[in-house]
>>> print(open('run.txt').read())   # compact mmCIF, C-alpha atoms
# COMPACT_ATOMS: atom_id res chain seq x y z
CA MET A 64 117.13 92.41 114.15
CA LYS A 65 117.25 92.03 110.37
CA THR A 66 116.33 95.22 108.53
CA LEU A 67 113.44 94.71 106.14
CA SER A 68 112.73 97.12 103.29
CA ILE A 69 109.31 98.63 102.60
CA SER A 70 108.92 100.56 99.35
CA VAL A 71 106.85 103.74 99.65
CA ALA A 72 105.75 106.09 96.84
CA TYR A 73 105.30 109.79 97.54
CA MET A 74 104.77 113.13 95.86
CA PRO A 75 107.29 115.94 96.52
CA LEU A 76 105.21 117.95 98.97
CA VAL A 77 105.70 119.34 102.46
CA ASP A 78 103.17 116.84 103.81
CA ALA A 79 105.41 113.92 102.84
CA LEU A 80 107.53 114.95 105.83
CA PRO A 81 106.50 112.13 108.22
CA LEU A 82 107.61 109.50 105.70
CA ILE A 83 110.87 111.24 104.87
CA ALA A 84 111.68 111.95 108.53
CA ALA A 85 110.87 108.35 109.49
CA GLN A 86 113.63 107.15 107.19
CA GLU A 87 116.13 110.00 107.57
CA LEU A 88 116.02 110.26 111.37
CA GLY A 89 116.12 106.58 112.26
CA PHE A 90 112.52 106.01 113.35
CA ALA A 91 112.20 103.30 110.70
CA GLU A 92 115.54 101.77 111.64
CA ALA A 93 114.42 101.55 115.27
CA GLU A 94 111.56 99.33 114.07
CA GLY A 95 113.92 97.11 112.08
CA ILE A 96 112.78 98.44 108.71
CA ALA A 97 114.00 100.76 105.98
CA LEU A 98 111.65 102.90 103.91
CA ASP A 99 112.64 102.83 100.25
CA LEU A 100 111.13 106.17 99.24
CA VAL A 101 110.17 106.48 95.57
CA ALA A 102 109.31 109.97 94.24
CA ALA A 103 106.51 110.07 91.68
CA PRO A 104 105.76 112.67 88.97
CA SER A 105 101.97 112.65 89.47
CA TRP A 106 99.24 111.31 91.73
CA SER A 107 98.10 108.86 89.10
CA SER A 108 101.63 107.43 89.14
CA VAL A 109 101.50 107.05 92.94
CA ARG A 110 98.12 105.32 92.66
CA ASP A 111 99.31 102.94 89.96
CA MET A 112 102.56 102.10 91.75
CA LEU A 113 100.63 101.11 94.85
CA SER A 114 97.70 99.43 93.12
CA PHE A 115 99.82 97.23 90.85
CA GLY A 116 102.41 96.24 93.46
CA ARG A 117 105.35 98.40 92.40
CA VAL A 118 105.47 99.70 96.00
CA ASP A 119 104.11 98.43 99.31
CA ALA A 120 102.73 101.70 100.66
CA ALA A 121 102.07 105.26 99.57
CA HIS A 122 101.58 108.88 100.56
CA LEU A 123 98.10 109.29 99.10
CA LEU A 124 95.38 111.90 98.71
CA SER A 125 92.76 111.10 101.35
CA PRO A 126 89.78 110.82 98.94
CA MET A 127 91.65 108.58 96.50
CA PRO A 128 91.25 105.20 98.29
CA VAL A 129 87.63 106.10 99.09
CA ALA A 130 86.90 106.86 95.42
CA MET A 131 88.54 103.59 94.41
CA ALA A 132 86.39 101.67 96.89
CA LEU A 133 83.31 103.32 95.39
CA GLY A 134 84.32 102.18 91.91
CA LEU A 135 85.17 105.68 90.69
CA GLY A 136 88.10 106.19 88.31
CA SER A 137 90.05 103.72 86.22
CA VAL A 138 91.66 101.72 89.06
CA THR A 139 89.70 100.08 91.86
CA THR A 140 92.26 98.03 93.79
CA PRO A 141 91.08 97.78 97.43
CA LEU A 142 93.22 100.05 99.58
CA ALA A 143 93.40 100.67 103.32
CA ALA A 144 94.11 104.15 104.71
CA VAL A 145 95.88 103.14 107.92
CA SER A 146 96.72 106.59 109.23
CA VAL A 147 96.40 110.25 108.33
CA LEU A 148 99.77 111.78 107.45
CA SER A 149 98.63 115.40 107.62
CA ALA A 150 95.66 117.65 108.20
CA ASN A 151 95.23 120.81 106.14
CA GLY A 152 98.11 122.17 104.06
CA ASN A 153 96.42 123.25 100.82
CA MET A 154 96.60 126.73 99.33
CA ILE A 155 94.29 128.45 96.85
CA GLY A 156 95.99 130.95 94.58
CA VAL A 157 95.26 133.05 91.51
CA SER A 158 97.08 134.32 88.44
CA ARG A 159 98.58 137.79 88.31
CA THR A 160 95.71 138.88 86.04
CA VAL A 161 93.05 137.75 88.50
CA GLU A 162 95.09 139.18 91.38
CA GLN A 163 95.05 142.61 89.72
CA ARG A 164 91.29 142.45 89.17
CA LEU A 165 90.83 141.59 92.84
CA ARG A 166 93.02 144.52 93.90
CA ASP A 167 91.23 146.88 91.51
CA GLN A 168 87.94 146.12 93.26
CA GLY A 169 89.52 146.73 96.66
CA TYR A 170 89.82 143.16 97.93
CA GLY A 171 92.31 142.97 100.79
CA PHE A 172 93.44 139.32 100.63
CA ASP A 173 92.62 138.87 104.31
CA PHE A 174 93.42 135.12 104.18
CA GLY A 175 90.74 134.17 106.69
CA ASP A 176 87.24 134.84 105.31
CA ALA A 177 86.36 132.12 102.79
CA ARG A 178 82.96 133.63 101.94
CA ALA A 179 84.42 137.08 101.24
CA ALA A 180 87.16 135.52 99.11
CA ALA A 181 84.56 133.66 97.04
CA GLN A 182 82.45 136.78 96.53
CA ALA A 183 85.50 138.77 95.46
CA LEU A 184 86.67 136.02 93.12
CA ALA A 185 83.23 135.75 91.50
CA LYS A 186 83.24 139.49 90.85
CA ALA A 187 86.75 139.30 89.38
CA THR A 188 85.96 136.39 87.07
CA GLU A 189 85.33 137.05 83.41
CA GLY A 190 83.81 134.04 81.69
CA THR A 191 84.93 130.62 82.89
CA LEU A 192 87.38 130.35 85.79
CA THR A 193 89.80 127.46 85.20
CA ILE A 194 91.23 126.05 88.45
CA GLY A 195 94.18 123.67 88.55
CA VAL A 196 94.09 120.79 91.03
CA PRO A 197 96.50 117.89 91.50
CA PHE A 198 93.98 115.07 90.95
CA PRO A 199 90.22 114.60 90.36
CA PHE A 200 89.79 112.63 93.61
CA SER A 201 91.51 114.86 96.15
CA MET A 202 90.77 117.01 99.17
CA HIS A 203 91.62 119.95 96.91
CA VAL A 204 88.60 119.17 94.72
CA GLU A 205 86.30 118.37 97.63
CA LEU A 206 87.18 121.59 99.46
CA LEU A 207 86.81 123.63 96.28
CA ASN A 208 83.43 122.12 95.46
CA TYR A 209 82.20 122.57 99.02
CA TRP A 210 83.37 126.20 98.93
CA LEU A 211 81.93 126.85 95.48
CA ASP A 212 78.58 125.17 96.22
CA SER A 213 78.19 126.98 99.54
CA THR A 214 78.91 130.45 98.15
CA GLY A 215 77.48 130.36 94.64
CA LEU A 216 80.90 130.94 93.11
CA SER A 217 80.25 128.03 90.74
CA ASP A 218 77.47 130.01 89.03
CA PRO A 219 79.74 132.02 86.65
CA GLY A 220 81.23 128.78 85.32
CA ILE A 221 84.10 126.79 86.76
CA GLU A 222 86.39 124.35 84.99
CA ILE A 223 88.61 122.15 87.14
CA ARG A 224 91.75 120.87 85.41
CA THR A 225 94.32 118.35 86.64
CA VAL A 226 97.90 119.64 86.92
CA PRO A 227 100.72 117.83 88.82
CA PRO A 228 101.76 119.95 91.85
CA PRO A 229 105.32 120.75 90.64
CA LEU A 230 103.89 122.07 87.35
CA MET A 231 101.23 124.33 88.87
CA ALA A 232 103.28 127.56 88.63
CA GLN A 233 104.17 126.79 85.03
CA ALA A 234 100.51 126.20 84.12
CA LEU A 235 99.63 129.53 85.72
CA GLU A 236 102.35 131.33 83.79
CA GLU A 237 101.30 129.75 80.50
CA GLY A 238 97.69 130.80 81.07
CA SER A 239 96.22 127.30 80.96
CA ILE A 240 94.73 127.91 84.42
CA ASP A 241 93.47 131.07 86.16
CA ALA A 242 93.74 129.76 89.72
CA PHE A 243 94.86 126.70 91.64
CA CYS A 244 94.43 124.68 94.80
CA VAL A 245 97.65 122.85 95.65
CA GLY A 246 99.75 121.66 98.55
CA GLU A 247 102.81 123.59 99.61
CA PRO A 248 105.45 124.48 98.65
CA TRP A 249 104.00 124.80 95.15
CA GLY A 250 101.74 127.75 95.94
CA SER A 251 104.69 129.64 97.38
CA VAL A 252 106.77 128.66 94.33
CA ALA A 253 104.19 130.44 92.14
CA VAL A 254 104.57 133.55 94.30
CA GLU A 255 108.35 133.33 94.23
CA GLN A 256 108.32 133.05 90.44
CA GLU A 257 105.99 136.07 90.36
CA VAL A 258 103.30 134.27 88.37
CA GLY A 259 100.60 134.18 91.04
CA ALA A 260 99.29 135.28 94.42
CA LEU A 261 97.89 133.33 97.34
CA LEU A 262 94.20 133.90 98.02
CA LEU A 263 93.13 131.54 100.78
CA PRO A 264 94.48 128.55 102.75
CA GLY A 265 92.38 125.41 102.53
CA LYS A 266 92.09 125.54 106.31
CA ALA A 267 89.78 128.55 105.92
CA ILE A 268 87.22 126.21 104.30
CA TRP A 269 87.51 123.23 106.67
CA SER A 270 89.75 123.87 109.64
CA PHE A 271 90.90 120.27 110.18
CA ALA A 272 90.61 118.42 106.88
CA PRO A 273 92.40 115.07 106.48
CA GLU A 274 94.75 115.86 103.60
CA LYS A 275 97.06 112.88 102.97
CA VAL A 276 96.92 109.32 104.25
CA LEU A 277 99.36 106.45 104.55
CA ALA A 278 97.80 103.79 102.33
CA VAL A 279 98.54 100.15 101.57
CA ARG A 280 96.80 97.50 99.53
CA SER A 281 94.22 95.76 101.70
CA GLY A 282 95.69 92.40 100.74
CA TRP A 283 99.18 93.49 101.79
CA ALA A 284 97.84 94.64 105.15
CA GLU A 285 96.45 91.13 105.69
CA THR A 286 99.55 89.22 104.58
CA GLU A 287 102.18 91.54 106.14
CA PRO A 288 100.61 92.72 109.42
CA GLU A 289 103.91 92.88 111.31
CA LEU A 290 105.64 94.97 108.65
CA LEU A 291 102.62 97.25 108.49
CA MET A 292 102.61 97.79 112.25
CA ARG A 293 106.32 98.60 112.26
CA MET A 294 105.90 101.15 109.49
CA MET A 295 102.92 102.77 111.18
CA ARG A 296 104.78 103.17 114.46
CA ALA A 297 107.84 104.63 112.71
CA VAL A 298 105.74 107.15 110.80
CA TRP A 299 103.74 108.05 113.91
CA ARG A 300 106.94 108.84 115.83
CA ALA A 301 108.25 110.85 112.88
CA ALA A 302 104.99 112.83 112.78
CA ARG A 303 105.34 113.58 116.49
CA TRP A 304 108.86 114.89 115.80
CA ALA A 305 107.64 116.93 112.81
CA ALA A 306 104.98 118.66 114.91
CA ARG A 307 107.48 120.14 117.37
CA PRO A 308 108.32 123.82 116.70
CA GLU A 309 112.00 123.13 117.39
CA SER A 310 112.04 120.62 114.51
CA ARG A 311 110.99 123.08 111.81
CA THR A 312 114.43 124.28 110.72
CA ALA A 313 115.79 120.75 110.40
CA ALA A 314 112.59 119.62 108.66
CA ALA A 315 112.75 122.42 106.09
CA GLU A 316 116.40 121.70 105.34
CA MET A 317 115.70 117.97 105.02
CA LEU A 318 112.81 118.46 102.60
CA SER A 319 114.71 121.02 100.52
CA ARG A 320 117.35 118.49 99.42
CA PRO A 321 117.58 117.68 95.71
CA GLY A 322 116.51 114.10 96.40
CA TYR A 323 113.22 115.28 97.91
CA LEU A 324 111.53 118.59 97.06
CA ASP A 325 114.57 120.42 95.64
CA VAL A 326 113.30 123.91 96.50
CA PRO A 327 114.76 126.48 98.91
CA ALA A 328 114.27 125.63 102.58
CA GLU A 329 112.84 129.11 103.14
CA LEU A 330 109.83 128.27 100.95
CA ILE A 331 109.19 125.07 102.89
CA ASP A 332 109.51 126.92 106.18
CA ARG A 333 106.55 129.11 105.21
CA ALA A 334 104.23 126.12 105.27
CA LEU A 335 105.68 124.73 108.49
CA THR A 336 105.36 128.05 110.34
CA GLY A 337 102.21 129.34 108.62
CA GLN A 338 103.98 132.61 107.80
CA PHE A 339 103.40 133.30 104.10
CA ILE A 340 104.46 135.87 101.54
CA ILE A 341 101.34 135.94 99.39
CA SER A 342 102.31 138.10 96.41
CA GLY A 343 105.11 139.63 94.44
CA ARG A 344 104.53 142.80 96.45
CA GLY A 345 105.83 141.04 99.54
CA ASP A 346 102.49 141.11 101.39
CA GLN A 347 102.57 138.79 104.39
CA ARG A 348 99.78 136.74 105.95
CA SER A 349 99.77 134.07 108.62
CA THR A 350 97.61 131.05 109.33
CA ASP A 351 98.01 129.09 112.53
CA GLY A 352 98.44 125.36 111.97
CA HIS A 353 98.61 125.58 108.19
CA VAL A 354 99.60 121.91 108.18
CA ASP A 355 99.18 119.58 111.17
CA PHE A 356 101.14 116.36 111.47
CA PHE A 357 100.34 115.17 115.00
CA ASP A 358 98.55 117.37 117.53
CA GLY A 359 94.83 116.99 118.11
CA ALA A 360 94.85 113.36 116.93
CA ALA A 361 95.76 114.58 113.44
CA ASN A 362 97.03 111.07 112.57
CA PHE A 363 93.89 109.22 113.58
CA PRO A 364 91.86 107.88 110.62
CA TRP A 365 88.39 108.91 111.78
CA ARG A 366 85.64 106.90 110.11
CA SER A 367 83.54 110.07 110.10
CA GLN A 368 86.15 111.85 107.98
CA ALA A 369 85.99 108.99 105.49
CA LYS A 370 82.19 109.23 105.55
CA TRP A 371 82.35 112.97 104.80
CA ILE A 372 84.51 112.18 101.77
CA GLY A 373 82.12 109.40 100.76
CA SER A 374 79.17 111.73 101.17
CA ARG A 375 80.74 114.39 98.95
CA LEU A 376 81.64 111.85 96.27
CA ALA A 377 78.11 110.43 96.42
CA HIS A 378 76.74 113.94 95.96
CA ARG A 379 78.99 114.59 92.96
CA PHE A 380 78.45 111.24 91.22
CA GLY A 381 74.86 110.42 92.13
CA LEU A 382 75.60 107.48 94.42
CA ASP A 383 73.52 106.19 97.30
CA GLN A 384 74.50 108.19 100.37
CA ARG A 385 74.17 105.46 102.98
CA GLN A 386 76.06 102.88 100.95
CA ALA A 387 78.78 105.36 99.99
CA GLN A 388 79.35 106.37 103.60
CA ALA A 389 79.43 102.75 104.78
CA THR A 390 81.93 101.82 102.08
CA ALA A 391 84.08 104.86 102.84
CA ALA A 392 84.14 104.07 106.57
CA GLY A 393 85.68 100.70 105.81
CA VAL A 394 88.62 102.36 104.04
CA PHE A 395 89.85 104.45 107.01
CA ARG A 396 91.21 101.69 109.26
CA SER A 397 90.99 103.05 112.78
CA ASP A 398 91.16 99.43 113.98
CA LEU A 399 94.63 98.93 112.49
CA PHE A 400 95.76 102.29 113.85
CA ARG A 401 94.74 101.28 117.36
CA ALA A 402 96.43 97.90 117.03
CA ALA A 403 99.72 99.39 115.83
CA LEU A 404 99.95 102.08 118.50
CA GLN A 405 98.47 100.38 121.55
CA ASN A 406 101.84 100.01 123.31
CA THR A 407 103.49 103.27 122.22
CA GLY A 408 101.99 105.64 124.77
CA ALA A 409 99.74 107.20 122.14
CA ASP A 410 96.63 108.80 123.60
CA LEU A 411 94.02 107.21 121.32
CA PRO A 412 90.47 108.60 121.13
CA GLY A 413 87.74 106.49 122.72
CA ALA A 414 85.50 106.75 119.66
CA SER A 415 86.25 106.14 116.00
CA GLN A 416 83.88 108.72 114.57
CA LYS A 417 82.52 112.11 115.56
CA LEU A 418 80.39 114.97 114.31
CA GLU A 419 82.60 116.70 111.75
CA GLY A 420 82.49 120.49 112.05
CA ALA A 421 81.09 120.53 115.58
CA ILE A 422 84.30 121.34 117.48
CA ARG A 423 84.61 125.12 117.65
CA HIS A 424 87.21 125.36 120.42
CA PRO A 425 89.97 123.02 121.66
CA THR A 426 87.97 120.24 123.33
CA ALA A 427 88.93 117.42 125.69
CA VAL A 428 87.46 114.06 124.66
CA ALA A 429 87.41 110.57 126.10
CA SER A 430 90.70 108.86 125.33
CA LEU A 431 93.00 106.03 126.37
CA LYS A 432 95.14 108.19 128.68
CA GLY A 433 92.57 110.89 129.39
CA GLY A 434 94.60 113.79 128.00
CA LEU A 435 93.49 114.11 124.39
CA ILE A 436 92.39 117.56 123.21
CA LEU A 437 90.92 117.85 119.73
CA LYS A 438 91.42 121.00 117.68
CA PRO A 439 88.59 122.97 116.07
CA ASP A 440 87.29 121.23 112.95
CA THR A 441 84.76 123.80 111.75
CA PHE A 442 83.52 124.36 108.20
CA PHE A 443 83.50 127.97 107.05
CA ASP A 444 79.70 127.98 106.64
CA GLY A 445 79.04 126.60 110.12
CA GLN A 446 77.57 123.32 108.89
CA VAL A 447 77.97 120.12 110.91
CA PHE A 448 78.27 116.75 109.19
CA GLU A 449 76.54 113.94 111.05
CA PRO A 450 77.66 110.58 109.63
CA LEU A 451 74.93 108.13 108.76
CA ASP A 452 74.45 104.88 110.65
CA GLU A 453 76.20 101.98 108.92
CA LYS A 454 73.35 99.50 109.45
>>> encode(input="run.txt", output="structure tokens")
Amino acid sequence: MKTLSISVAYMPLVDALPLIAAQELGFAEAEGIALDLVAAPSWSSVRDMLSFGRVDAAHLLSPMPVAMALGLGSVTTPLAAVSVLSANGNMIGVSRTVEQRLRDQGYGFDFGDARAAAQALAKATEGTLTIGVPFPFSMHVELLNYWLDSTGLSDPGIEIRTVPPPLMAQALEEGSIDAFCVGEPWGSVAVEQEVGALLLPGKAIWSFAPEKVLAVRSGWAETEPELLMRMMRAVWRAARWAARPESRTAAAEMLSRPGYLDVPAELIDRALTGQFIISGRGDQRSTDGHVDFFDGAANFPWRSQAKWIGSRLAHRFGLDQRQAQATAAGVFRSDLFRAALQNTGADLPGASQKLEGAIRHPTAVASLKGGLILKPDTFFDGQVFEPLDEK
């Protein structure tokens, strides 16, 4: 079988692991392809590389292709999110100054109570709180806004500023931001450099949020269906490998290489295990399933997840809710996911959308093989999102 090359842009983050492992461990080779992985300095660079044909596929923020489909932002190339690369994985952190204010008022950094964290942060804020995020259309922003709107934290005044993930610690140190929401390992890097402290994992806001997606141009998906299917299967198998506890040491070492994240493996291991050092004092906290690559149908591009993103964007930008949700649903291509994995042994869910936030305990659902158990997907405020009918 002739090996065909597929160029893929990515950001240096822990959740790029399925793509990197697919190439490094031979999952791509087994499909007769090679993934030409291209590191990018910012999310706008990833978007532009994919949109303008510099690469064939990309590791992309889950709201980005939805926003583009809704005509938001400067680039509106039609994209297809063909699978979810990771669920969860974000971390909210604060500067040393804000950390000290929180400690002075007795806040215990419990890492689990999103409402208490918001109340403490509001009390510790003097004037406007400037929060760094990697991109305007990102799960970071959507989680922050959901959290802020639901707790009243936005009342004192919030400014959200875009900062590329690898520069987040530097921005904190320079004082251009007071807090951040970023994917690992960059939150832990801020702790290691003693310029910040970790306040809350994104999972504490939405316990099973689709964080990154594997995206391609819609036109490329139509003209190169065989290549697309091969890539999707390779990445799916790599994600299954990445989810195994026995893979963590090898995964951390792989990601730590200079050609990928170029940070100590120990920092990467924190995200993979959910065991975090949250401050310069050495305080430790844990969060189960900080980032999910495979279990609980983490890879499946639920149309309801896309609709939640569309709903939030419609709320922020004054768009029609029904149209925004319908447009968003067309971006998350559960049909292509099913087609690619139908002969792999994957246990695919029987439905393509669900009530988001309704699963409070591990729950068995109808599936192809009858063994699929979905993980809790609750929102911190107990709300349930019911997607609108697409008619």
>>> atom_distance(input="run.txt", atom1="CA of Ala297 in chain A", atom2="CA of Glu94 in chain A")
6.6 Å
>>> closest_atom_pairs(input="run.txt", of="range 218-329 of chain A", to="range 96-105 of chain A", cutoff="12 Å", atoms="all atoms listed in the file", output="CSV")
residue,atom,partner,partner_atom,distance
A:Thr225,CA,A:Ser105,CA,10.0
A:Val226,CA,A:Ser105,CA,8.5
A:Pro227,CA,A:Ser105,CA,5.4
A:Pro228,CA,A:Ser105,CA,7.7
A:Pro229,CA,A:Pro104,CA,8.3
A:Leu230,CA,A:Pro104,CA,9.7
A:Met231,CA,A:Ser105,CA,11.7
A:Glu289,CA,A:Ile96,CA,10.8
A:Leu290,CA,A:Ile96,CA,7.9
A:Leu291,CA,A:Ile96,CA,10.2
A:Met292,CA,A:Ile96,CA,10.8
A:Arg293,CA,A:Ile96,CA,7.4
A:Met294,CA,A:Ile96,CA,7.4
A:Met295,CA,A:Ile96,CA,11.0
A:Arg296,CA,A:Ile96,CA,10.9
A:Ala297,CA,A:Ile96,CA,8.9
A:Val298,CA,A:Leu98,CA,10.0
A:Pro321,CA,A:Ala102,CA,11.4
A:Gly322,CA,A:Ala102,CA,8.6
A:Tyr323,CA,A:Ala102,CA,7.5
A:Leu324,CA,A:Ala102,CA,9.3
A:Asp325,CA,A:Ala102,CA,11.8
>>> closest_atom_pairs(input="run.txt", of="range 228-314 of chain A", to="range 158-169 of chain A", cutoff="6 Å", atoms="all atoms listed in the file", output="Markdown table")
| residue | atom | partner | partner_atom | distance |
| --- | --- | --- | --- | --- |
| A:Asp241 | CA | A:Ser158 | CA | 5.4 |
| A:Ala242 | CA | A:Ser158 | CA | 5.8 |
| A:Val258 | CA | A:Arg159 | CA | 5.9 |
| A:Gly259 | CA | A:Ser158 | CA | 4.4 |
>>> closest_residue(input="run.txt", among="A:Ala120, A:Ala150, A:Leu437, A:Val157", to="Leu277 in chain A", atoms="only C-alpha atoms")
A:Ala120
>>> residues_around(input="run.txt", residues="Ala414 in chain A", least_positions_apart="6", cutoff="9 Å", atoms="only C-alpha atoms", output="number ranges by chain")
A: 365, 429-430
>>> residues_around(input="run.txt", residues="Leu330 in chain A", least_positions_apart="4", cutoff="9 Å", atoms="all atoms listed in the file", output="list in words")
Glu247, Pro248, Trp249, Ser251, Val252, Glu255, Ala315, Ser319, Val326, Ala334 and Phe339 of chain A
>>> closest_residue(input="run.txt", among="A:Leu235, A:Ala177, A:Ile240, A:Ala272", to="Thr193 in chain A", atoms="all atoms listed in the file")
A:Ile240
>>> atom_distance(input="run.txt", atom1="CA of Ser201 in chain A", atom2="CA of Glu237 in chain A")
23.7 Å
>>> closest_residue(input="run.txt", among="A:Val196, A:Ala72, A:Ala91, A:Ala328", to="Val109 in chain A", atoms="all atoms listed in the file")
A:Ala72
>>> closest_residue(input="run.txt", among="A:Trp283, A:Phe198, A:Phe356, A:Phe115", to="Ser146 in chain A", atoms="only C-alpha atoms")
A:Phe356
>>> closest_residue(input="run.txt", among="A:Pro81, A:Arg385, A:Thr191, A:Arg366", to="Ser310 in chain A", atoms="only C-alpha atoms")
A:Pro81
>>> atom_distance(input="run.txt", atom1="CA of Gln182 in chain A", atom2="CA of Ser349 in chain A")
21.3 Å
>>> residues_around(input="run.txt", residues="Gln388 in chain A", least_positions_apart="3", cutoff="12 Å", atoms="all atoms listed in the file", output="count of residues only")
33
>>> closest_residue(input="run.txt", among="A:Ala234, A:Ala85, A:Leu67, A:Ala278", to="Ala314 in chain A", atoms="only C-alpha atoms")
A:Ala85
>>> residues_around(input="run.txt", residues="Arg303 in chain A", least_positions_apart="4", cutoff="8 Å", atoms="only C-alpha atoms", output="MDAnalysis selection string")
chainID A and resid 299 307 356:358
>>> write_last_selection(input="run.txt", atoms="C-alpha atoms", output="compact mmCIF listing (two decimals), keeping the file's coordinate frame")
# COMPACT_ATOMS: atom_id res chain seq x y z
CA TRP A 299 103.74 108.05 113.91
CA ARG A 307 107.48 120.14 117.37
CA PHE A 356 101.14 116.36 111.47
CA PHE A 357 100.34 115.17 115.00
CA ASP A 358 98.55 117.37 117.53
>>> residues_near_point(input="run.txt", point="(89.5, 137.4, 102.6)", cutoff="12 Å", atoms="all atoms listed in the file", output="list of chain:residue names")
A:Ile155, A:Leu165, A:Arg166, A:Gly169, A:Tyr170, A:Gly171, A:Phe172, A:Asp173, A:Phe174, A:Gly175, A:Asp176, A:Ala177, A:Arg178, A:Ala179, A:Ala180, A:Ala181, A:Gln182, A:Ala183, A:Leu184, A:Leu261, A:Leu262, A:Leu263, A:Pro264, A:Ala267, A:Ile268, A:Arg348
>>> residues_around(input="run.txt", residues="His353 in chain A", least_positions_apart="5", cutoff="7 Å", atoms="only C-alpha atoms", output="list in words")
Asn151, Gly152, Lys266, Ala334 and Gly337 of chain A
>>> decode(input="run.txt", residues="range 113-118 of chain A", atoms="all heavy atoms", output="mmCIF file, in the first residue's frame")
data_model
loop_
_atom_site.group_PDB
_atom_site.id
_atom_site.type_symbol
_atom_site.label_atom_id
_atom_site.label_comp_id
_atom_site.auth_asym_id
_atom_site.auth_seq_id
_atom_site.Cartn_x
_atom_site.Cartn_y
_atom_site.Cartn_z
ATOM 1 N N LEU A 113 -5.723 25.872 7.736
ATOM 2 C CA LEU A 113 -6.743 24.942 7.269
ATOM 3 C C LEU A 113 -7.656 25.604 6.238
ATOM 4 O O LEU A 113 -7.916 25.041 5.173
ATOM 5 C CB LEU A 113 -7.573 24.441 8.457
ATOM 6 C CG LEU A 113 -8.708 23.472 8.100
ATOM 7 C CD1 LEU A 113 -8.166 22.219 7.417
ATOM 8 C CD2 LEU A 113 -9.506 23.093 9.349
ATOM 9 N N SER A 114 -8.110 26.800 6.533
ATOM 10 C CA SER A 114 -9.094 27.461 5.673
ATOM 11 C C SER A 114 -8.557 27.743 4.278
ATOM 12 O O SER A 114 -9.280 27.631 3.283
ATOM 13 C CB SER A 114 -9.546 28.777 6.313
ATOM 14 O OG SER A 114 -10.202 28.541 7.542
ATOM 15 N N PHE A 115 -7.270 28.097 4.189
ATOM 16 C CA PHE A 115 -6.700 28.497 2.907
ATOM 17 C C PHE A 115 -5.880 27.395 2.236
ATOM 18 O O PHE A 115 -5.146 27.644 1.288
ATOM 19 C CB PHE A 115 -5.868 29.765 3.087
ATOM 20 C CG PHE A 115 -6.673 30.912 3.651
ATOM 21 C CD1 PHE A 115 -6.245 31.593 4.776
ATOM 22 C CD2 PHE A 115 -7.874 31.291 3.071
ATOM 23 C CE1 PHE A 115 -6.993 32.638 5.307
ATOM 24 C CE2 PHE A 115 -8.622 32.341 3.592
ATOM 25 C CZ PHE A 115 -8.186 33.019 4.715
ATOM 26 N N GLY A 116 -6.000 26.154 2.750
ATOM 27 C CA GLY A 116 -5.423 25.014 2.060
ATOM 28 C C GLY A 116 -3.966 24.724 2.331
ATOM 29 O O GLY A 116 -3.365 23.885 1.660
ATOM 30 N N ARG A 117 -3.380 25.398 3.322
ATOM 31 C CA ARG A 117 -1.982 25.102 3.661
ATOM 32 C C ARG A 117 -1.864 23.700 4.243
ATOM 33 O O ARG A 117 -0.855 23.016 4.062
ATOM 34 C CB ARG A 117 -1.475 26.146 4.650
ATOM 35 C CG ARG A 117 -0.185 25.822 5.387
ATOM 36 C CD ARG A 117 1.025 25.803 4.476
ATOM 37 N NE ARG A 117 2.236 25.547 5.249
ATOM 38 C CZ ARG A 117 2.670 24.361 5.637
ATOM 39 N NH1 ARG A 117 1.971 23.265 5.327
ATOM 40 N NH2 ARG A 117 3.786 24.221 6.326
ATOM 41 N N VAL A 118 -2.904 23.255 4.965
ATOM 42 C CA VAL A 118 -2.950 21.896 5.510
ATOM 43 C C VAL A 118 -4.301 21.276 5.160
ATOM 44 O O VAL A 118 -5.255 21.974 4.787
ATOM 45 C CB VAL A 118 -2.740 21.872 7.047
ATOM 46 C CG1 VAL A 118 -1.353 22.383 7.419
ATOM 47 C CG2 VAL A 118 -3.831 22.689 7.752
#
